[in-house]
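Student: Contents of data_19.txt (compact mmCIF, C-alpha atoms and all ligand atoms) are below:
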# COMPACT_ATOMS: atom_id res chain seq x y z
CA MET W 1 -143.15 23.24 -42.03
CA GLU W 2 -140.61 25.05 -44.18
CA GLY W 3 -140.27 28.79 -44.63
CA ARG W 4 -138.04 31.09 -46.63
CA ALA W 5 -137.23 34.81 -46.65
CA ALA W 6 -134.61 37.23 -47.92
CA ALA W 7 -133.46 40.54 -46.42
CA LEU W 8 -131.21 43.32 -47.74
CA GLY W 9 -127.69 44.35 -46.92
CA ALA W 10 -127.28 48.07 -46.22
CA GLY W 11 -124.88 51.00 -46.33
CA THR W 12 -124.38 53.66 -43.69
CA VAL W 13 -125.41 57.31 -43.67
CA LEU W 14 -124.83 57.82 -39.92
CA ASN W 15 -123.09 55.44 -37.54
CA ALA W 16 -125.07 55.24 -34.28
CA LEU W 17 -122.12 54.32 -32.08
CA ALA W 18 -121.55 57.95 -31.00
CA THR W 19 -125.04 59.10 -30.03
CA GLY W 20 -127.55 56.25 -30.52
CA THR W 21 -129.04 57.97 -33.58
CA GLY W 22 -128.22 56.22 -36.84
CA ALA W 23 -129.20 56.07 -40.49
CA ALA W 24 -128.70 53.44 -43.19
CA PHE W 25 -130.06 52.55 -46.65
CA GLY W 26 -131.00 49.22 -48.20
CA ILE W 27 -128.91 47.97 -51.12
CA ASP W 28 -129.46 45.24 -53.67
CA VAL W 29 -127.51 42.50 -51.93
CA GLU W 30 -129.38 39.81 -50.03
CA THR W 31 -129.08 37.31 -47.24
CA ARG W 32 -131.53 34.42 -47.55
CA ALA W 33 -132.78 32.12 -44.79
CA THR W 34 -134.52 28.74 -44.89
CA VAL W 35 -136.21 27.54 -41.70
CA ARG W 36 -137.54 23.98 -41.17
CA LEU W 37 -139.71 23.53 -38.08
CA ASP W 38 -140.34 20.23 -36.36
CA PRO W 39 -143.01 19.90 -33.63
CA ASP W 40 -141.09 16.90 -32.20
CA ARG W 41 -137.89 18.89 -31.64
CA GLU W 42 -137.13 21.47 -28.96
CA ASP W 43 -133.75 22.86 -30.01
CA VAL W 44 -132.88 25.07 -32.99
CA SER W 45 -129.63 24.51 -34.89
CA GLY W 46 -128.16 26.86 -37.48
CA THR W 47 -125.81 26.68 -40.47
CA ILE W 48 -124.15 29.55 -42.35
CA ALA W 49 -123.48 28.41 -45.93
CA GLU W 50 -120.42 30.60 -46.60
CA ASP W 51 -118.66 29.90 -43.33
CA PRO W 52 -119.25 26.60 -41.52
CA ASP W 53 -117.17 27.83 -38.55
CA ALA W 54 -119.08 31.13 -38.06
CA ASP W 55 -121.15 31.72 -34.95
CA THR W 56 -124.78 30.62 -35.48
CA THR W 57 -126.08 32.00 -32.15
CA LEU W 58 -127.80 35.01 -33.78
CA ILE W 59 -129.93 33.10 -36.29
CA GLU W 60 -130.77 30.37 -33.76
CA ARG W 61 -131.89 33.03 -31.26
CA CYS W 62 -134.03 34.71 -33.97
CA VAL W 63 -135.88 31.48 -34.70
CA ALA W 64 -136.27 30.66 -30.99
CA LEU W 65 -137.70 34.15 -30.21
CA ALA W 66 -140.08 33.98 -33.19
CA ILE W 67 -141.34 30.55 -32.06
CA GLU W 68 -141.73 31.88 -28.51
CA ARG W 69 -143.83 34.80 -29.83
CA TRP W 70 -145.88 33.16 -32.57
CA GLY W 71 -145.27 29.39 -32.50
CA ASP W 72 -146.11 26.44 -30.29
CA GLY W 73 -142.83 25.17 -28.85
CA GLU W 74 -141.41 23.80 -32.12
CA GLY W 75 -137.68 23.24 -32.74
CA GLY W 76 -135.88 22.96 -36.04
CA THR W 77 -133.11 24.17 -38.32
CA VAL W 78 -132.15 27.50 -39.89
CA ARG W 79 -129.71 27.98 -42.75
CA THR W 80 -128.50 31.25 -44.29
CA ASP W 81 -126.67 31.99 -47.50
CA SER W 82 -125.56 35.49 -48.36
CA ASP W 83 -124.30 37.75 -51.15
CA VAL W 84 -122.19 39.65 -48.61
CA PRO W 85 -119.30 38.49 -46.46
CA LEU W 86 -119.58 38.65 -42.66
CA ALA W 87 -117.99 41.57 -40.81
CA ALA W 88 -117.51 43.63 -43.97
CA GLY W 89 -119.61 46.63 -42.91
CA LEU W 90 -122.58 45.70 -45.09
CA LYS W 91 -124.94 44.75 -42.23
CA SER W 92 -124.87 41.02 -42.73
CA SER W 93 -126.03 40.40 -39.15
CA SER W 94 -129.14 42.61 -39.59
CA ALA W 95 -129.97 40.92 -42.90
CA ALA W 96 -129.47 37.44 -41.41
CA ALA W 97 -131.62 38.28 -38.37
CA ASN W 98 -134.45 39.74 -40.47
CA ALA W 99 -134.38 36.81 -42.90
CA ALA W 100 -134.36 34.25 -40.06
CA VAL W 101 -137.33 35.84 -38.25
CA LEU W 102 -139.36 36.21 -41.47
CA ALA W 103 -138.57 32.65 -42.62
CA THR W 104 -139.85 31.39 -39.26
CA CYS W 105 -143.08 33.37 -39.75
CA ASP W 106 -143.36 31.82 -43.22
CA ALA W 107 -142.83 28.32 -41.80
CA LEU W 108 -145.57 29.02 -39.23
CA GLY W 109 -147.95 30.02 -42.01
CA LEU W 110 -148.28 33.63 -40.79
CA ARG W 111 -149.15 36.53 -43.09
CA VAL W 112 -146.44 39.19 -43.01
CA GLY W 113 -147.14 42.74 -44.16
CA ASP W 114 -147.07 46.41 -43.22
CA GLU W 115 -149.71 48.03 -41.07
CA ALA W 116 -151.60 50.75 -42.95
CA ASN W 117 -151.85 53.01 -39.88
CA GLY W 118 -148.95 51.84 -37.78
CA ASP W 119 -147.70 53.50 -34.62
CA ASP W 120 -144.44 54.43 -36.33
CA ALA W 121 -143.80 57.77 -37.97
CA ASN W 122 -143.41 56.24 -41.40
CA ASP W 123 -145.07 52.98 -42.20
CA THR W 124 -144.13 51.63 -45.60
CA GLY W 125 -147.62 51.43 -46.99
CA GLY W 126 -147.11 48.10 -48.72
CA GLY W 127 -147.92 44.46 -48.16
CA ASP W 128 -150.90 42.79 -46.56
CA ALA W 129 -153.49 45.25 -45.20
CA ASP W 130 -154.24 43.07 -42.17
CA PRO W 131 -151.10 41.06 -41.46
CA ASP W 132 -150.54 38.59 -38.60
CA VAL W 133 -147.05 40.06 -38.19
CA THR W 134 -145.77 43.42 -39.44
CA ARG W 135 -142.27 43.72 -40.87
CA LEU W 136 -141.47 46.27 -38.15
CA GLU W 137 -142.49 43.79 -35.42
CA ALA W 138 -140.31 41.14 -37.05
CA CYS W 139 -137.48 43.67 -37.31
CA ARG W 140 -137.69 44.57 -33.61
CA LEU W 141 -137.59 40.86 -32.70
CA GLY W 142 -134.40 40.44 -34.77
CA VAL W 143 -132.87 43.42 -32.94
CA CYS W 144 -133.71 41.75 -29.58
CA ALA W 145 -131.97 38.59 -30.80
CA ALA W 146 -128.93 40.61 -31.92
CA ARG W 147 -128.70 42.19 -28.45
CA ASP W 148 -129.05 38.74 -26.82
CA ALA W 149 -126.35 37.32 -29.11
CA GLY W 150 -124.00 40.24 -28.36
CA VAL W 151 -123.33 41.06 -32.04
CA THR W 152 -124.31 44.74 -31.79
CA VAL W 153 -123.44 47.81 -29.74
CA THR W 154 -126.68 49.86 -29.95
CA GLY W 155 -129.04 47.15 -31.25
CA ALA W 156 -128.47 48.56 -34.78
CA PHE W 157 -132.16 49.35 -35.40
CA ASP W 158 -130.95 51.70 -38.18
CA ASP W 159 -129.33 48.83 -40.09
CA ALA W 160 -132.22 46.49 -39.26
CA THR W 161 -134.92 48.83 -40.62
CA ALA W 162 -132.93 49.61 -43.78
CA SER W 163 -132.53 45.85 -44.34
CA MET W 164 -136.18 45.10 -43.57
CA LEU W 165 -137.97 48.06 -45.22
CA GLY W 166 -135.45 49.39 -47.76
CA GLY W 167 -134.94 53.11 -48.45
CA VAL W 168 -133.04 55.41 -46.09
CA CYS W 169 -134.08 54.86 -42.48
CA LEU W 170 -133.21 57.35 -39.71
CA THR W 171 -133.67 55.85 -36.26
CA ASP W 172 -133.12 56.31 -32.56
CA ASN W 173 -131.55 53.04 -31.51
CA ASP W 174 -131.94 53.66 -27.76
CA ASP W 175 -135.69 53.11 -28.04
CA ASP W 176 -135.86 51.32 -31.43
CA ARG W 177 -137.81 54.22 -32.94
CA LEU W 178 -138.10 54.82 -36.69
CA ARG W 179 -137.88 58.62 -37.11
CA SER W 180 -138.18 58.71 -40.88
CA ARG W 181 -137.96 56.56 -43.97
CA GLU W 182 -137.50 57.81 -47.52
CA ALA W 183 -137.21 56.00 -50.85
CA VAL W 184 -134.02 56.80 -52.80
CA ASP W 185 -132.77 55.75 -56.25
CA TRP W 186 -129.00 55.78 -56.20
CA ASP W 187 -126.28 53.86 -57.97
CA VAL W 188 -123.88 52.41 -55.45
CA LEU W 189 -120.20 51.42 -55.54
CA VAL W 190 -118.83 49.37 -52.66
CA TRP W 191 -115.16 48.75 -51.98
CA THR W 192 -114.57 45.88 -49.54
CA PRO W 193 -110.96 45.48 -48.41
CA PRO W 194 -109.78 41.95 -47.56
CA GLU W 195 -109.74 42.48 -43.78
CA ARG W 196 -112.83 42.05 -41.55
CA ALA W 197 -114.15 44.12 -38.60
CA TYR W 198 -116.84 42.85 -36.21
CA SER W 199 -119.14 45.66 -34.98
CA ALA W 200 -119.14 44.26 -31.44
CA ASP W 201 -115.35 44.84 -31.29
CA ALA W 202 -115.51 48.53 -32.32
CA ASP W 203 -113.96 51.19 -30.05
CA VAL W 204 -117.16 52.81 -28.74
CA ASP W 205 -115.30 55.42 -26.62
CA ARG W 206 -113.46 56.75 -29.68
CA CYS W 207 -116.81 57.00 -31.49
CA GLY W 208 -118.19 58.99 -28.54
CA ASP W 209 -115.42 61.53 -29.12
CA VAL W 210 -116.93 62.47 -32.50
CA ALA W 211 -120.49 62.89 -31.11
CA SER W 212 -120.70 66.56 -32.20
CA MET W 213 -120.01 65.45 -35.79
CA ALA W 214 -122.67 62.73 -35.43
CA ASP W 215 -125.19 65.39 -34.31
CA LEU W 216 -124.36 67.41 -37.42
CA VAL W 217 -124.81 64.31 -39.61
CA ALA W 218 -128.18 63.58 -37.94
CA ASP W 219 -129.36 67.13 -38.73
CA LEU W 220 -128.29 66.77 -42.38
CA ALA W 221 -130.01 63.39 -42.65
CA ALA W 222 -133.21 64.67 -41.02
CA ASP W 223 -133.14 67.42 -43.66
CA GLY W 224 -132.82 64.87 -46.50
CA GLN W 225 -129.23 65.88 -47.32
CA TYR W 226 -128.09 62.26 -47.29
CA GLY W 227 -125.01 62.60 -49.52
CA GLU W 228 -123.47 65.38 -47.42
CA ALA W 229 -124.45 63.50 -44.25
CA MET W 230 -122.66 60.35 -45.47
CA SER W 231 -119.48 62.16 -46.34
CA VAL W 232 -119.22 63.93 -42.97
CA ASN W 233 -120.02 60.63 -41.23
CA GLY W 234 -117.35 58.82 -43.25
CA LEU W 235 -114.57 61.26 -42.39
CA ALA W 236 -115.49 61.40 -38.70
CA PHE W 237 -115.89 57.64 -38.12
CA SER W 238 -112.94 56.61 -40.32
CA ALA W 239 -110.79 58.88 -38.18
CA ALA W 240 -112.32 57.65 -34.91
CA LEU W 241 -112.03 53.95 -35.80
CA GLY W 242 -108.58 54.16 -37.41
CA PHE W 243 -109.47 53.63 -41.09
CA ASP W 244 -107.68 55.36 -43.98
CA THR W 245 -109.60 58.42 -45.24
CA ASP W 246 -107.88 58.39 -48.68
CA PRO W 247 -110.61 56.31 -50.41
CA ALA W 248 -113.25 58.81 -49.30
CA VAL W 249 -111.20 61.83 -50.38
CA GLU W 250 -110.59 60.19 -53.79
CA ALA W 251 -114.35 59.61 -54.11
CA MET W 252 -115.60 63.04 -53.12
CA PRO W 253 -115.37 64.76 -56.55
CA LEU W 254 -116.99 61.72 -58.20
CA ALA W 255 -119.80 60.76 -55.79
CA SER W 256 -122.89 62.35 -54.24
CA GLY W 257 -121.81 60.87 -50.92
CA VAL W 258 -119.21 58.44 -49.61
CA SER W 259 -118.76 56.82 -46.22
CA LEU W 260 -117.14 54.08 -44.23
CA SER W 261 -120.05 51.64 -43.89
CA GLY W 262 -120.87 50.73 -40.30
CA THR W 263 -117.71 49.90 -38.41
CA GLY W 264 -115.93 49.11 -41.69
CA PRO W 265 -113.95 48.10 -43.50
CA SER W 266 -116.16 48.58 -46.60
CA VAL W 267 -116.46 52.06 -48.11
CA VAL W 268 -119.73 52.87 -49.91
CA ALA W 269 -120.10 55.64 -52.52
CA VAL W 270 -123.44 56.69 -54.00
CA ALA W 271 -124.51 58.58 -57.13
CA ALA W 272 -127.85 60.40 -57.11
CA PRO W 273 -129.50 60.63 -60.56
CA ASP W 274 -129.64 64.45 -60.41
CA ASP W 275 -125.95 64.89 -59.54
CA PRO W 276 -124.08 65.84 -62.75
CA ASP W 277 -120.64 65.35 -61.12
CA ALA W 278 -121.25 61.83 -59.85
CA ASP W 279 -119.39 59.23 -61.93
CA LEU W 280 -119.04 55.81 -60.31
CA ASP W 281 -117.30 54.31 -63.39
CA ALA W 282 -114.52 56.87 -62.99
CA LEU W 283 -114.44 56.18 -59.25
CA ALA W 284 -114.20 52.42 -59.87
CA ASP W 285 -111.13 53.12 -62.07
CA ARG W 286 -109.65 55.23 -59.31
CA TRP W 287 -110.25 52.53 -56.68
CA ALA W 288 -109.30 49.63 -59.00
CA ASP W 289 -105.77 49.11 -57.65
CA ARG W 290 -106.91 48.76 -54.08
CA PRO W 291 -106.84 45.21 -52.66
CA GLY W 292 -110.19 43.48 -52.07
CA THR W 293 -113.36 43.63 -54.15
CA LEU W 294 -115.36 46.32 -55.93
CA ARG W 295 -119.11 45.79 -56.29
CA ARG W 296 -121.60 47.86 -58.32
CA THR W 297 -125.18 47.80 -57.08
CA THR W 298 -128.18 50.05 -56.47
CA THR W 299 -130.38 51.09 -53.59
CA ARG W 300 -133.61 49.16 -52.94
CA ASN W 301 -136.85 50.49 -51.54
CA ASP W 302 -138.89 47.30 -51.22
CA GLY W 303 -136.95 45.67 -48.38
CA ALA W 304 -137.21 42.09 -47.18
CA THR W 305 -139.38 39.50 -48.89
CA VAL W 306 -141.09 36.36 -47.59
CA GLY W 307 -141.50 33.10 -49.50
CA GLU W 308 -139.53 31.70 -52.43
CA THR W 309 -135.96 33.02 -52.62
CA HIS W 310 -133.28 32.49 -55.25
CA GLU W 311 -130.40 30.84 -53.46
CA HIS W 312 -127.01 31.49 -55.05
N1 LIG W 401 -125.02 35.59 -43.13
C1 LIG W 401 -125.11 35.36 -41.83
N2 LIG W 401 -125.77 34.26 -41.39
C2 LIG W 401 -125.89 34.01 -40.07
N3 LIG W 401 -125.36 34.77 -39.10
C3 LIG W 401 -124.71 35.87 -39.46
C4 LIG W 401 -124.54 36.23 -40.85
N4 LIG W 401 -123.85 37.39 -40.89
C5 LIG W 401 -123.59 37.73 -39.62
N5 LIG W 401 -124.07 36.83 -38.76
C6 LIG W 401 -123.95 36.79 -37.29
O1 LIG W 401 -123.69 38.10 -36.82
C7 LIG W 401 -122.40 38.15 -36.19
C8 LIG W 401 -121.79 39.50 -36.47
O2 LIG W 401 -121.52 39.56 -37.83
P1 LIG W 401 -121.07 40.88 -38.54
O3 LIG W 401 -119.96 41.50 -37.78
O4 LIG W 401 -120.90 40.58 -39.98
O5 LIG W 401 -122.34 41.74 -38.32
P2 LIG W 401 -122.56 43.24 -38.60
O6 LIG W 401 -122.61 43.93 -37.30
O7 LIG W 401 -123.80 43.28 -39.43
O8 LIG W 401 -121.33 43.74 -39.33
P3 LIG W 401 -121.15 44.16 -40.77
O9 LIG W 401 -121.97 45.42 -40.95
O10 LIG W 401 -119.69 44.42 -40.75
O11 LIG W 401 -121.58 43.06 -41.67
C9 LIG W 401 -121.63 36.94 -36.76
O12 LIG W 401 -120.65 36.52 -35.87
C10 LIG W 401 -122.74 35.93 -36.92
O13 LIG W 401 -123.02 35.34 -35.66
O1 LIG W 402 -123.69 47.56 -33.62
C1 LIG W 402 -124.26 48.65 -33.77
O2 LIG W 402 -125.01 49.12 -32.91
C2 LIG W 402 -124.05 49.41 -35.00
C3 LIG W 402 -123.08 49.00 -35.89
C4 LIG W 402 -122.80 49.71 -37.14
O3 LIG W 402 -123.31 48.99 -38.26
C5 LIG W 402 -123.37 51.12 -37.15
O4 LIG W 402 -123.33 51.68 -38.44
C6 LIG W 402 -124.79 51.16 -36.62
O5 LIG W 402 -125.27 52.48 -36.65
C7 LIG W 402 -124.84 50.63 -35.21
When written as structure tokens, how does the structure in this file appear?
Ligand SMILES: Nc1ncnc2c1ncn2[C@@H]1O[C@H](COP(=O)(O)OP(=O)(O)OP(=O)(O)O)[C@@H](O)[C@H]1O
Ligand SMILES: O=C(O)C1=C[C@@H](O)[C@@H](O)[C@H](O)C1
Tutor:
Amino acid sequence: MEGRAAALGAGTVLNALATGTGAAFGIDVETRATVRLDPDREDVSGTIAEDPDADTTLIERCVALAIERWGDGEGGTVRTDSDVPLAAGLKSSSAAANAAVLATCDALGLRVGDEANGDDANDTGGGDADPDVTRLEACRLGVCAARDAGVTVTGAFDDATASMLGGVCLTDNDDDRLRSREAVDWDVLVWTPPERAYSADADVDRCGDVASMADLVADLAADGQYGEAMSVNGLAFSAALGFDTDPAVEAMPLASGVSLSGTGPSVVAVAAPDDPDADLDALADRWADRPGTLRRTTTRNDGATVGETHEH
């Protein structure tokens, strides 16, 4: 019983650490999971390809919860490999959790899809018309595992939905509610400095101090003004969490929106196709001397996939 799945990394529009409301968008970087189930085993053991010393509790918990919900007491193994580094601000934990839950569903032979008339404000309208498991159910299970594993502050349902469904997802993380989801077609430039920042270590009290800015960002995002929302979010949360605002200021004349992603350290700039001033090539030149890596990618609106993946 082997299953595979891949889920997206994401960038931030609104960090939920101040108010519980957050927004994020799926980007074309993936984390893949392979799950092997064994009816004669009870435990689940995990491996993270890029970092043999990293904590595997999250992915093991995802598989265990999925077996508890849909399986029959199996044990097994789970392995992830990822295009994105851990703790870089690109939602690797949400992508790993989604991929691990979906790969377990695949190993159990379940049909995964999207409910046509779901209870959420915006179902995605794709996939199997009568699935055994919806992607939103799988997403919520991954968020439960993330809370159990202690890798998140709010549960990060914003990051998890963006990774699972793609597009821009605006959520209330206090009750894991998807408020809206919209497809977007942006070019994306990501600068990832060499240092790492785990979300669970972020200074939540400092984020609370910028709650009025977060409310403003939520209003902009609810109104579809994602670029403006990102840029306000980036300035407010960079200041609150002690990150340099220079990269964002340098990007503002050349991007439709730019923000610290999650709790950092990556900074994500986007170019909307109808923005004549956006020029990510020029921004890449401007950011070129900064230490770390620059990555060009795009948004994705299809989200996580189940079945064969292309391991790198
Ligand atoms: N690729 C992965 N495979 C398995 N587990 C992962 C992976 N990425 C993250 N995790 C788990 O999630 C924990 C938190 O990781 P990380 O800080 O990267 O998550 P994050 O909150 O999504 O942050 P970021 O947005 O900065 O990536 C890690 O310690 C690890 O247990
Ligand atoms: O751990 C969390 O709850 C979060 C972490 C960051 O990615 C934030 O961007 C997100 O909104 C919430």
Student: Would you tabulate, counting only C-alpha atoms and all ligand atoms, all residues of chain W that have an atom at most 6 Å from an atom of ligand LIG 401 (chain W), showing the closest pair of atoms and their distance in Å to one decimal, sorted by chain then ascending number, as CSV?
Tutor:
residue,atom,partner,partner_atom,distance
W:Ile48,CA,W:LIG401,N2,5.1
W:Asp55,CA,W:LIG401,O13,4.1
W:Thr56,CA,W:LIG401,O13,5.0
W:Thr57,CA,W:LIG401,O13,5.7
W:Leu58,CA,W:LIG401,O13,5.1
W:Ile59,CA,W:LIG401,C2,5.6
W:Thr80,CA,W:LIG401,N2,5.0
W:Asp81,CA,W:LIG401,N1,5.9
W:Ser82,CA,W:LIG401,N1,5.3
W:Leu86,CA,W:LIG401,O4,3.6
W:Ala87,CA,W:LIG401,O4,3.2
W:Ala88,CA,W:LIG401,O10,4.0
W:Gly89,CA,W:LIG401,O10,3.1
W:Leu90,CA,W:LIG401,O9,4.2
W:Lys91,CA,W:LIG401,O9,3.3
W:Ser92,CA,W:LIG401,O11,4.0
W:Ser93,CA,W:LIG401,C5,3.6
W:Ser94,CA,W:LIG401,O7,5.4
W:Ala96,CA,W:LIG401,C1,4.8
W:Val151,CA,W:LIG401,C8,4.9
W:Thr152,CA,W:LIG401,O6,5.8
W:Ala197,CA,W:LIG401,O10,6.0
W:Tyr198,CA,W:LIG401,O3,3.7
W:Ser199,CA,W:LIG401,O6,4.5
W:Gly262,CA,W:LIG401,O9,5.5
Student: Could you check the closest approach to Val35 in chain W for each of W:Asp244, W:Glu60, W:Glu2, W:Asp205 and tell me which residue wins, using only C-alpha atoms?
Tutor: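 Under the stated criterion, the closest residue is W:Glu2.
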Student: With all atoms listed in the file as the atoms that count, which of W:Cys105, W:Ala218, W:Ala100, W:Val44 lies nearest to Gly20 in chain W?
Tutor: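 Of W:Cys105, W:Ala218, W:Ala100, W:Val44, the one nearest Gly20 in chain W, counting all atoms listed in the file, is W:Ala218.
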Student: What gap, in Å, lies between CA of Ala202 in chain W and CA of Ala10 in chain W?
Tutor: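 CA of Ala10 in chain W lies at a distance of 18.2 Å from CA of Ala202 in chain W.
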Student: How many Å lie between CA of Asp132 in chain W and CA of Asp302 in chain W, rounded to one decimal?
Tutor: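 According to the coordinates, CA of Asp132 in chain W and CA of Asp302 in chain W are separated by 19.3 Å.
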Student: If the limit is 10 Å from any atom of ligand LIG 402 (chain W), counting only C-alpha atoms and all ligand atoms, which residues qualify? Return them as a VMD selection string.
Tutor: chain W and resid 10 to 24 87 to 94 143 146 to 147 150 to 160 170 to 174 198 to 202 204 233 237 260 to 264
Student: Just give me the gap between CA of Leu235 in chain W and CA of Arg177 in chain W in Å, one decimal is fine.
Tutor: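 Atom-to-atom, CA of Leu235 in chain W to CA of Arg177 in chain W, that is 26.1 Å.
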Student: Which of these residues is nearest to Arg295 in chain W, using all atoms listed in the file: W:Glu115, W:Pro131, W:Leu216, W:Val84?
Tutor: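 Closest candidate: W:Val84.
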Student: Smallest atom-to-atom distance to Met164 in chain W: which of W:Arg179, W:Arg135, W:Arg32, W:Arg140, using only C-alpha atoms?
Tutor: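 Nearest candidate to Met164 in chain W out of W:Arg179, W:Arg135, W:Arg32, W:Arg140: W:Arg135.
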Student: So, counting all atoms listed in the file, which residue among W:Ala162, W:Leu37, W:Asp106, W:Asp51 is closest to Gly73 in chain W?
Tutor: W:Leu37
Student: Show which residues sit within 12 Å of Arg111 in chain W, as a VMD selection string. Count all atoms listed in the file, and ignore same-chain residues fewer than 3 positions away.
Tutor: chain W and resid 3 70 102 to 108 114 to 115 127 to 135 138 305 to 307
